file work-v2.pdb (PDB, C-alpha atoms)
MODEL        1
ATOM      1  CA  MET A 297     196.201  85.119  22.113
ATOM      2  CA  ALA A 298     194.733  83.117  19.205
ATOM      3  CA  ASP A 299     196.935  81.689  16.520
ATOM      4  CA  THR A 300     196.284  83.505  13.252
ATOM      5  CA  GLU A 301     196.958  80.312  11.299
ATOM      6  CA  ALA A 302     194.220  78.583  13.249
ATOM      7  CA  LEU A 303     191.870  81.467  12.512
ATOM      8  CA  PHE A 304     192.723  81.174   8.835
ATOM      9  CA  ALA A 305     192.063  77.429   8.809
ATOM     10  CA  LEU A 306     188.792  77.852  10.692
ATOM     11  CA  HIS A 307     187.261  80.803   8.893
ATOM     12  CA  ARG A 308     188.801  80.957   5.428
ATOM     13  CA  GLN A 309     185.937  79.084   3.758
ATOM     14  CA  GLY A 310     183.247  81.047   5.552
ATOM     15  CA  VAL A 311     184.859  84.376   4.723
ATOM     16  CA  PHE A 312     185.280  83.368   1.079
ATOM     17  CA  ARG A 313     181.641  82.211   0.831
ATOM     18  CA  TYR A 314     180.385  85.443   2.354
ATOM     19  CA  LEU A 315     182.555  87.636   0.102
ATOM     20  CA  CYS A 316     181.690  85.569  -2.936
ATOM     21  CA  ARG A 317     177.989  85.989  -2.322
ATOM     22  CA  VAL A 318     178.263  89.744  -1.729
ATOM     23  CA  LEU A 319     180.497  90.386  -4.737
ATOM     24  CA  GLY A 320     179.291  87.679  -7.128
ATOM     25  CA  ARG A 321     182.878  87.325  -8.367
ATOM     26  CA  PRO A 322     184.982  84.445  -7.039
ATOM     27  CA  ASP A 323     188.276  85.949  -8.270
ATOM     28  CA  THR A 324     187.726  89.210  -6.398
ATOM     29  CA  ALA A 325     186.408  87.304  -3.383
ATOM     30  CA  GLN A 326     189.622  85.267  -3.372
ATOM     31  CA  ASP A 327     191.752  88.417  -3.408
ATOM     32  CA  LEU A 328     189.727  90.006  -0.630
ATOM     33  CA  THR A 329     189.865  86.815   1.454
ATOM     34  CA  GLN A 330     193.645  87.001   1.292
ATOM     35  CA  GLU A 331     193.500  90.664   2.241
ATOM     36  CA  VAL A 332     191.261  89.846   5.233
ATOM     37  CA  PHE A 333     193.762  87.353   6.609
ATOM     38  CA  LEU A 334     196.666  89.633   5.864
ATOM     39  CA  ARG A 335     194.977  92.160   8.133
ATOM     40  CA  VAL A 336     194.243  89.468  10.697
ATOM     41  CA  THR A 337     197.946  88.610  10.726
ATOM     42  CA  ARG A 338     199.001  92.227  11.105
ATOM     43  CA  ALA A 339     196.419  93.110  13.739
ATOM     44  CA  ARG A 340     196.387  92.053  17.354
ATOM     45  CA  VAL A 341     193.830  89.290  17.803
ATOM     46  CA  PRO A 342     191.496  90.298  20.654
ATOM     47  CA  ASP A 343     192.163  88.394  23.859
ATOM     48  CA  ALA A 344     188.471  88.072  24.551
ATOM     49  CA  ASP A 345     186.405  84.916  24.448
ATOM     50  CA  PRO A 346     187.440  82.738  21.434
ATOM     51  CA  SER A 347     183.827  82.783  20.254
ATOM     52  CA  GLY A 348     184.388  86.493  19.592
ATOM     53  CA  HIS A 349     187.220  85.778  17.152
ATOM     54  CA  ARG A 350     184.887  84.739  14.374
ATOM     55  CA  ALA A 351     182.881  87.939  14.760
ATOM     56  CA  TRP A 352     186.132  89.900  14.700
ATOM     57  CA  VAL A 353     187.357  88.203  11.504
ATOM     58  CA  PHE A 354     184.007  88.802   9.809
ATOM     59  CA  LYS A 355     183.962  92.409  10.943
ATOM     60  CA  ILE A 356     187.259  92.875   9.073
ATOM     61  CA  ALA A 357     185.818  91.067   6.045
ATOM     62  CA  ARG A 358     182.676  93.196   6.104
ATOM     63  CA  ASN A 359     184.604  96.464   6.357
ATOM     64  CA  LEU A 360     186.842  95.414   3.487
ATOM     65  CA  VAL A 361     183.985  94.427   1.215
ATOM     66  CA  LEU A 362     182.055  97.599   2.018
ATOM     67  CA  ASN A 363     185.110  99.686   1.101
ATOM     68  CA  HIS A 364     185.534  97.652  -2.063
ATOM     69  CA  LEU A 365     181.899  98.179  -3.076
ATOM     70  CA  ARG A 366     182.143 101.887  -2.266
ATOM     71  CA  ASP A 367     185.249 102.225  -4.437
ATOM     72  CA  GLY A 368     183.542 100.245  -7.198
ATOM     73  CA  ALA A 369     180.500 102.526  -7.082
ATOM     74  CA  ARG A 370     182.777 105.555  -7.315
ATOM     75  CA  ARG A 371     184.589 104.124 -10.340
ATOM     76  CA  GLY A 372     181.401 102.755 -11.908
ATOM     77  CA  GLN A 373     180.548  99.076 -11.798
ATOM     78  CA  SER A 374     181.193  96.955 -14.870
ATOM     79  CA  VAL A 375     178.174  95.282 -16.413
ATOM     80  CA  GLU A 376     178.391  91.661 -17.509
ATOM     81  CA  LEU A 377     176.663  91.068 -20.837
ATOM     82  CA  VAL A 378     175.457  87.562 -21.546
ATOM     83  CA  ASP A 379     174.204  86.733 -25.040
ATOM     84  CA  ALA A 380     173.706  82.996 -24.700
ATOM     85  CA  PRO A 381     170.515  81.689 -23.076
ATOM     86  CA  ALA A 382     171.253  81.116 -19.405
ATOM     87  CA  PRO A 383     170.903  77.647 -17.867
ATOM     88  CA  ALA A 384     168.678  77.254 -14.808
ATOM     89  CA  THR A 385     171.476  77.542 -12.243
ATOM     90  CA  GLN A 386     172.746  80.645 -13.948
ATOM     91  CA  GLU A 387     169.289  82.210 -13.862
ATOM     92  CA  LEU A 388     169.023  81.392 -10.173
ATOM     93  CA  THR A 389     172.428  82.912  -9.498
ATOM     94  CA  VAL A 390     171.497  86.085 -11.335
ATOM     95  CA  ALA A 391     168.099  86.303  -9.611
ATOM     96  CA  LEU A 392     169.678  85.780  -6.205
ATOM     97  CA  HIS A 393     172.412  88.294  -6.879
ATOM     98  CA  GLN A 394     169.880  90.893  -7.998
ATOM     99  CA  ALA A 395     167.612  90.221  -5.033
ATOM    100  CA  LEU A 396     170.537  90.556  -2.624
ATOM    101  CA  ALA A 397     171.725  93.722  -4.340
ATOM    102  CA  ALA A 398     168.274  95.256  -3.859
ATOM    103  CA  LEU A 399     168.533  94.892  -0.067
ATOM    104  CA  ALA A 400     169.920  97.606   2.169
ATOM    105  CA  ASP A 401     173.651  97.015   2.735
ATOM    106  CA  VAL A 402     173.300  96.191   6.424
ATOM    107  CA  ASP A 403     170.290  93.916   5.848
ATOM    108  CA  ARG A 404     172.177  92.055   3.121
ATOM    109  CA  ASP A 405     175.246  91.657   5.334
ATOM    110  CA  VAL A 406     173.221  90.439   8.300
ATOM    111  CA  PHE A 407     171.433  87.941   6.076
ATOM    112  CA  LEU A 408     174.615  86.657   4.415
ATOM    113  CA  LEU A 409     176.587  86.485   7.641
ATOM    114  CA  ARG A 410     173.819  84.212   8.900
ATOM    115  CA  GLU A 411     173.070  82.165   5.783
ATOM    116  CA  SER A 412     176.381  82.091   3.977
ATOM    117  CA  ALA A 413     178.860  82.240   6.847
ATOM    118  CA  GLY A 414     176.755  80.614   9.573
ATOM    119  CA  LEU A 415     177.323  83.246  12.274
ATOM    120  CA  SER A 416     175.096  83.297  15.358
ATOM    121  CA  TYR A 417     172.986  86.347  16.190
ATOM    122  CA  ASP A 418     175.529  87.411  18.838
ATOM    123  CA  GLU A 419     178.391  87.146  16.354
ATOM    124  CA  ILE A 420     176.492  89.059  13.675
ATOM    125  CA  ALA A 421     175.693  91.747  16.229
ATOM    126  CA  ALA A 422     179.392  92.055  17.084
ATOM    127  CA  ALA A 423     180.521  92.008  13.441
ATOM    128  CA  CYS A 424     178.006  94.654  12.351
ATOM    129  CA  GLU A 425     178.040  96.674  15.588
ATOM    130  CA  LEU A 426     174.322  96.179  16.171
ATOM    131  CA  SER A 427     172.214  94.919  19.047
ATOM    132  CA  VAL A 428     170.898  91.367  18.870
ATOM    133  CA  GLU A 429     167.374  92.765  18.592
ATOM    134  CA  ALA A 430     168.435  94.865  15.606
ATOM    135  CA  VAL A 431     169.944  91.739  14.040
ATOM    136  CA  ARG A 432     166.621  89.914  14.457
ATOM    137  CA  GLY A 433     164.741  92.807  12.906
ATOM    138  CA  ARG A 434     167.092  93.208   9.941
ATOM    139  CA  LEU A 435     167.182  89.471   9.347
ATOM    140  CA  ARG A 436     163.381  89.368   9.306
ATOM    141  CA  ARG A 437     163.198  92.308   6.902
ATOM    142  CA  ALA A 438     165.818  90.828   4.572
ATOM    143  CA  ARG A 439     164.058  87.458   4.534
ATOM    144  CA  LEU A 440     160.639  88.958   3.857
ATOM    145  CA  GLU A 441     162.022  91.042   0.995
ATOM    146  CA  LEU A 442     163.858  88.068  -0.484
ATOM    147  CA  ARG A 443     160.763  85.930  -0.051
ATOM    148  CA  GLU A 444     158.879  88.406  -2.192
ATOM    149  CA  SER A 445     161.533  88.962  -4.858
ATOM    150  CA  LEU A 446     162.415  85.259  -5.168
ATOM    151  CA  ASP A 447     158.858  83.993  -4.918
ATOM    152  CA  GLY A 448     159.048  81.735  -7.989
ATOM    153  CA  GLU A 449     162.401  80.243  -7.016
ATOM    154  CA  ILE A 450     161.258  79.600  -3.453
ATOM    155  CA  ARG A 451     158.072  77.894  -4.664
ATOM    156  CA  ALA A 452     160.154  75.679  -6.928
ATOM    157  CA  ALA A 453     162.598  74.870  -4.116
ATOM    158  CA  ARG A 454     159.725  73.985  -1.772
ATOM    159  CA  ARG A 455     158.713  71.199  -4.137
ATOM    160  CA  GLY A 456     161.969  69.404  -3.312
ATOM    161  CA  PHE A 457     163.695  68.758   0.012
ATOM    162  CA  VAL A 458     164.397  71.379   2.640
ATOM    163  CA  SER A 459     166.957  71.194   5.417
ATOM    164  CA  LEU A 460     167.625  73.205   8.547
ATOM    165  CA  ARG A 461     171.308  73.387   7.679
ATOM    166  CA  GLY A 462     171.139  74.099   3.954
ATOM    167  CA  ARG A 463     174.445  72.903   2.509
ATOM    168  CA  MET A 464     177.430  74.346   4.306
ATOM    169  CA  SER A 465     179.571  71.284   3.909
ATOM    170  CA  ASP A 466     182.878  72.689   2.678
ATOM    171  CA  GLY A 467     184.838  73.650   5.736
ATOM    172  CA  ASP A 468     181.894  74.924   7.745
ATOM    173  CA  GLU A 469     183.158  76.014  11.080
ATOM    174  CA  SER A 470     179.924  76.380  13.001
TER     175      SER A 470
ATOM    176  CA  MET B  55     152.603  87.678  13.803
ATOM    177  CA  THR B  56     156.069  89.290  13.790
ATOM    178  CA  ASP B  57     156.852  87.453  17.023
ATOM    179  CA  HIS B  58     155.929  84.182  15.424
ATOM    180  CA  LEU B  59     158.205  84.885  12.475
ATOM    181  CA  ASP B  60     161.093  85.756  14.765
ATOM    182  CA  VAL B  61     160.580  82.642  16.878
ATOM    183  CA  VAL B  62     160.448  80.440  13.783
ATOM    184  CA  ALA B  63     163.532  82.154  12.362
ATOM    185  CA  ALA B  64     165.458  81.809  15.620
ATOM    186  CA  PHE B  65     164.556  78.106  15.717
ATOM    187  CA  ALA B  66     165.735  77.634  12.127
ATOM    188  CA  ASP B  67     168.921  79.567  12.902
ATOM    189  CA  GLY B  68     169.805  77.353  15.844
ATOM    190  CA  GLU B  69     169.179  80.036  18.472
ATOM    191  CA  HIS B  70     167.493  79.312  21.803
ATOM    192  CA  VAL B  71     163.706  79.554  21.729
ATOM    193  CA  GLU B  72     161.107  78.880  24.372
ATOM    194  CA  ALA B  73     159.218  75.680  23.694
ATOM    195  CA  ASP B  74     155.845  77.346  24.283
ATOM    196  CA  ALA B  75     156.686  80.190  21.919
ATOM    197  CA  LEU B  76     157.727  77.717  19.240
ATOM    198  CA  ARG B  77     154.570  75.656  19.754
ATOM    199  CA  SER B  78     152.472  78.756  19.379
ATOM    200  CA  ALA B  79     154.422  79.951  16.322
ATOM    201  CA  LEU B  80     154.080  76.603  14.571
ATOM    202  CA  ALA B  81     150.382  76.443  15.389
ATOM    203  CA  ASP B  82     150.020  79.547  13.237
ATOM    204  CA  GLU B  83     149.819  78.702   9.515
ATOM    205  CA  ALA B  84     151.794  81.820   8.623
ATOM    206  CA  GLY B  85     154.555  80.620  10.947
ATOM    207  CA  ARG B  86     154.683  77.226   9.273
ATOM    208  CA  GLU B  87     154.729  78.744   5.804
ATOM    209  CA  TYR B  88     157.483  81.130   6.861
ATOM    210  CA  LEU B  89     159.559  78.226   8.147
ATOM    211  CA  LEU B  90     159.261  76.397   4.834
ATOM    212  CA  ASP B  91     160.061  79.533   2.830
ATOM    213  CA  LEU B  92     163.013  80.278   5.046
ATOM    214  CA  LEU B  93     164.444  76.786   4.592
ATOM    215  CA  ALA B  94     163.833  76.899   0.845
ATOM    216  CA  LEU B  95     165.596  80.273   0.701
ATOM    217  CA  ARG B  96     168.487  78.809   2.659
ATOM    218  CA  GLY B  97     168.679  75.996   0.145
ATOM    219  CA  LEU B  98     168.767  78.510  -2.717
ATOM    220  CA  VAL B  99     171.594  80.478  -1.124
ATOM    221  CA  SER B 100     173.676  77.383  -0.518
ATOM    222  CA  GLU B 101     172.899  75.760  -3.873
ATOM    223  CA  ALA B 102     173.312  78.696  -6.258
ATOM    224  CA  PRO B 103     176.870  79.237  -7.462
ATOM    225  CA  ALA B 104     178.181  82.607  -6.365
ATOM    226  CA  SER B 105     178.809  83.842  -9.896
ATOM    227  CA  ARG B 106     177.589  83.392 -13.416
ATOM    228  CA  ALA B 107     181.010  82.131 -14.411
ATOM    229  CA  ALA B 108     180.851  79.430 -11.749
ATOM    230  CA  ALA B 109     177.298  78.573 -12.764
ATOM    231  CA  ALA B 110     178.336  78.105 -16.368
ATOM    232  CA  GLU B 111     181.320  75.906 -15.552
ATOM    233  CA  PRO B 112     179.722  72.430 -15.299
ATOM    234  CA  PRO B 113     178.056  72.530 -18.763
ATOM    235  CA  ARG B 114     181.371  73.640 -20.262
ATOM    236  CA  ARG B 115     183.141  70.662 -18.706
ATOM    237  CA  ALA B 116     180.435  68.339 -19.967
ATOM    238  CA  ALA B 117     180.812  69.775 -23.475
ATOM    239  CA  ALA B 118     184.555  69.135 -23.350
ATOM    240  CA  TRP B 119     183.996  65.482 -22.466
ATOM    241  CA  ARG B 120     181.472  65.129 -25.287
ATOM    242  CA  LEU B 121     184.100  66.387 -27.742
ATOM    243  CA  LEU B 122     186.609  63.708 -26.748
ATOM    244  CA  PRO B 123     185.284  60.925 -29.081
ATOM    245  CA  VAL B 124     185.128  63.417 -31.950
ATOM    246  CA  ALA B 125     188.763  64.370 -31.327
ATOM    247  CA  ALA B 126     189.753  60.673 -31.190
ATOM    248  CA  LEU B 127     187.975  60.007 -34.508
ATOM    249  CA  LEU B 128     189.706  62.996 -36.066
ATOM    250  CA  VAL B 129     193.147  61.813 -34.939
ATOM    251  CA  ALA B 130     192.446  58.248 -36.166
ATOM    252  CA  GLY B 131     191.249  59.582 -39.532
ATOM    253  CA  VAL B 132     194.270  61.783 -40.052
ATOM    254  CA  SER B 133     196.695  59.020 -39.000
ATOM    255  CA  GLY B 134     194.998  56.461 -41.262
ATOM    256  CA  GLY B 135     194.950  58.845 -44.191
ATOM    257  CA  PHE B 136     198.615  59.598 -43.695
ATOM    258  CA  ALA B 137     199.518  55.884 -43.583
ATOM    259  CA  ILE B 138     197.445  55.025 -46.664
ATOM    260  CA  GLY B 139     198.783  58.028 -48.552
ATOM    261  CA  ARG B 140     202.310  57.072 -47.709
ATOM    262  CA  GLN B 141     201.847  53.501 -48.935
ATOM    263  CA  THR B 142     200.143  54.605 -52.147
ATOM    264  CA  THR B 143     202.621  57.318 -53.045
ATOM    265  CA  GLY B 144     205.494  54.997 -52.186
ATOM    266  CA  SER B 145     204.490  52.638 -55.074
ATOM    267  CA  ILE B 146     203.934  55.279 -57.764
ATOM    268  CA  ALA B 147     206.387  57.922 -56.766
ATOM    269  CA  PRO B 148     208.906  58.794 -59.526
ATOM    270  CA  GLU B 149     212.594  58.340 -58.996
ATOM    271  CA  PRO B 150     214.088  61.378 -57.357
ATOM    272  CA  ALA B 151     215.830  63.725 -59.801
ATOM    273  CA  PRO B 152     219.638  63.657 -59.717
ATOM    274  CA  LEU B 153     221.091  66.307 -57.517
ATOM    275  CA  ALA B 154     222.180  69.473 -59.269
ATOM    276  CA  PRO B 155     225.956  70.093 -59.236
ATOM    277  CA  LEU B 156     227.102  72.189 -56.354
ATOM    278  CA  VAL B 157     227.778  75.848 -57.055
ATOM    279  CA  THR B 158     230.462  77.477 -55.014
ATOM    280  CA  ALA B 159     231.100  81.178 -54.731
ATOM    281  CA  GLN B 160     234.614  82.193 -55.602
ATOM    282  CA  ALA B 161     236.331  85.456 -54.792
ATOM    283  CA  ILE B 162     236.880  87.606 -57.941
ATOM    284  CA  PRO B 163     240.503  88.699 -58.398
ATOM    285  CA  PRO B 164     240.956  92.527 -58.134
ATOM    286  CA  GLU B 165     242.045  92.880 -61.780
ATOM    287  CA  LEU B 166     238.755  91.408 -63.034
ATOM    288  CA  ARG B 167     236.475  93.510 -60.830
ATOM    289  CA  ILE B 168     234.292  96.171 -62.625
ATOM    290  CA  PRO B 169     234.515  99.598 -60.940
ATOM    291  CA  ALA B 170     231.289 101.226 -59.657
ATOM    292  CA  PRO B 171     229.918 104.047 -61.896
ATOM    293  CA  ALA B 172     230.554 107.658 -60.856
ATOM    294  CA  PRO B 173     227.681 109.350 -58.971
ATOM    295  CA  THR B 174     225.442 111.608 -61.059
ATOM    296  CA  ARG B 175     224.046 113.572 -58.101
ATOM    297  CA  VAL B 176     225.370 114.166 -54.591
ATOM    298  CA  ILE B 177     223.053 114.930 -51.684
ATOM    299  CA  LYS B 178     224.591 116.598 -48.666
ATOM    300  CA  LEU B 179     223.130 115.879 -45.267
ATOM    301  CA  GLU B 180     223.277 118.892 -42.988
ATOM    302  CA  THR B 181     222.857 118.784 -39.239
ATOM    303  CA  GLY B 182     219.979 120.736 -37.724
ATOM    304  CA  THR B 183     217.720 120.213 -40.721
ATOM    305  CA  SER B 184     214.281 118.776 -40.120
ATOM    306  CA  TRP B 185     213.749 115.802 -42.412
ATOM    307  CA  ASN B 186     210.137 115.289 -41.489
ATOM    308  CA  GLU B 187     207.737 115.767 -44.354
ATOM    309  CA  ARG B 188     205.224 118.493 -43.704
ATOM    310  CA  SER B 189     203.477 118.681 -47.049
ATOM    311  CA  GLY B 190     203.662 117.057 -50.443
ATOM    312  CA  GLY B 191     205.507 113.902 -51.250
ATOM    313  CA  ASN B 192     208.843 115.286 -52.478
TER     314      ASN B 192
ENDMDL
END
call {"tool": "encode", "arguments": {"input": "work-v2.pdb", "output": "structure tokens"}}
result
Amino acid sequence: MADTEALFALHRQGVFRYLCRVLGRPDTAQDLTQEVFLRVTRARVPDADPSGHRAWVFKIARNLVLNHLRDGARRGQSVELVDAPAPATQELTVALHQALAALADVDRDVFLLRESAGLSYDEIAAACELSVEAVRGRLRRARLELRESLDGEIRAARRGFVSLRGRMSDGDES
Amino acid sequence: MTDHLDVVAAFADGEHVEADALRSALADEAGREYLLDLLALRGLVSEAPASRAAAAEPPRRAAAWRLLPVAALLVAGVSGGFAIGRQTTGSIAPEPAPLAPLVTAQAIPPELRIPAPAPTRVIKLETGTSWNERSGGN
């Protein structure tokens, strides 16, 4: 059986990044990250292959965030009003958040589990209860939609450097 | 076309791909463009702060540091003004006025006390009466 403390140390950053990107609110993401690991502690960690543990942790995170978003939609989401002109990074954050919000829930999750949390196709399939082929298809669809909605930002980014790994430096567990 | 995109994506995602399939996908211009877009998109996701609040944080910190010299000047100005004012007023300040004699309260003997006047009107408070005003001021 896996040590829950080890799971926390390994996946805390990835879970937080994923939740942060889905919610767009670090404070709520922090609370939900704690809730994820509270559930991990209470639950029985599957005895299966250790590579399945990450998928299991992210499945818990995904279910939690989906419930949170569902509850938020029922209550009515709050709208953030910004009067001051937004700096470039802020504009990018808003554009990215809007583009992600326009995706279907499963497509967005598949994309973020890959790009934000660094899960493999097998792990994403396990976390989202999909086949690997479905993961490929949803990932392609999400990327093509984002490519269209973030066309200007992508063109600008292509003028600089690109990297296969992006920047997952802080506590990346992959 | 779709196959090429999936092969390119799998390569970028660190999944296993057949060398021939990758060669073919990268020979296609659309495949190459997709690879670049995909990597640029990845860069955007990893670079962009996850919230507007986080995005706005660095400029705020910078603004705080820019205010530090202004705050130092303000403190120096106030301290200098206080010191100069103290020196100046010290030379022209008038002598302090002599202290007024102390006044002490003394208990009045009972024979000198003036009795309170008799009441002109007596109001009786009755239990069970509502004292809340409902109308008017009286």
call {"tool": "closest_residue", "arguments": {"input": "work-v2.pdb", "among": "B:Leu90, B:Ala125, B:Val62, B:Leu76", "to": "chain A", "atoms": "all atoms listed in the file"}}
result
B:Leu90
call {"tool": "atom_distance", "arguments": {"input": "work-v2.pdb", "atom1": "atom CA of Leu306 of chain A", "atom2": "atom CA of Ala357 of chain A"}}
result
14.3 Å
call {"tool": "interface_residues", "arguments": {"input": "work-v2.pdb", "of": "chain A", "to": "chain B", "cutoff": "9 Å", "atoms": "all atoms listed in the file", "output": "number ranges by chain"}}
result
A: 313, 316-322, 382-390, 392-393, 408, 410-412, 414, 416-417, 432-433, 435-436, 439-440, 442-443, 446, 449-454, 456-464
call {"tool": "atom_distance", "arguments": {"input": "work-v2.pdb", "atom1": "atom CA of Leu426 of chain A", "atom2": "atom CA of Arg404 of chain A"}}
result
13.9 Å
call {"tool": "residues_around", "arguments": {"input": "work-v2.pdb", "residues": "Thr324 of chain A", "least_positions_apart": "6", "cutoff": "10 Å", "atoms": "all atoms listed in the file", "output": "list in words"}}
result
Phe312, Leu315, Cys316, Gln330, Val361 and His364 of chain A
call {"tool": "write_last_selection", "arguments": {"input": "work-v2.pdb", "atoms": "C-alpha atoms", "output": "PDB file, in the coordinates of the input"}}
result
ATOM      1  CA  PHE A 312     185.280  83.368   1.079  1.00  0.00           C
ATOM      2  CA  LEU A 315     182.555  87.636   0.102  1.00  0.00           C
ATOM      3  CA  CYS A 316     181.690  85.569  -2.936  1.00  0.00           C
ATOM      4  CA  GLN A 330     193.645  87.001   1.292  1.00  0.00           C
ATOM      5  CA  VAL A 361     183.985  94.427   1.215  1.00  0.00           C
ATOM      6  CA  HIS A 364     185.534  97.652  -2.063  1.00  0.00           C
TER       7      HIS A 364
END
call {"tool": "atom_distance", "arguments": {"input": "work-v2.pdb", "atom1": "atom CA of Val332 of chain A", "atom2": "atom CA of Ile356 of chain A"}}
result
6.3 Å
call {"tool": "axis_aligned_box", "arguments": {"input": "work-v2.pdb", "around": "segment 60-66 of chain B", "padding_each_side": "3 Å", "output": "lines of an AutoDock Vina configuration file"}}
result
center_x = 163.1
center_y = 81.7
center_z = 14.5
size_x = 11.3
size_y = 14.1
size_z = 10.8
call {"tool": "residues_around", "arguments": {"input": "work-v2.pdb", "residues": "Glu425 of chain A", "least_positions_apart": "3", "cutoff": "12 Å", "atoms": "all atoms listed in the file", "output": "list in words"}}
result
Ala351, Trp352, Phe354, Lys355, Ile356, Arg358, Asn359, Val402, Asp405, Val406, Tyr417, Asp418, Glu419, Ile420, Ala421, Ala422, Val428, Glu429, Ala430 and Val431 of chain A
call {"tool": "resolve_selection", "arguments": {"input": "work-v2.pdb", "expression": "the PyMOL selection byres ((chain A and resi 304) around 10)", "output": "list of chain:residue names"}}
result
A:Asp299, A:Thr300, A:Glu301, A:Ala302, A:Leu303, A:Ala305, A:Leu306, A:His307, A:Arg308, A:Gln309, A:Val311, A:Thr329, A:Gln330, A:Val332, A:Phe333, A:Leu334, A:Val336, A:Thr337, A:Val353
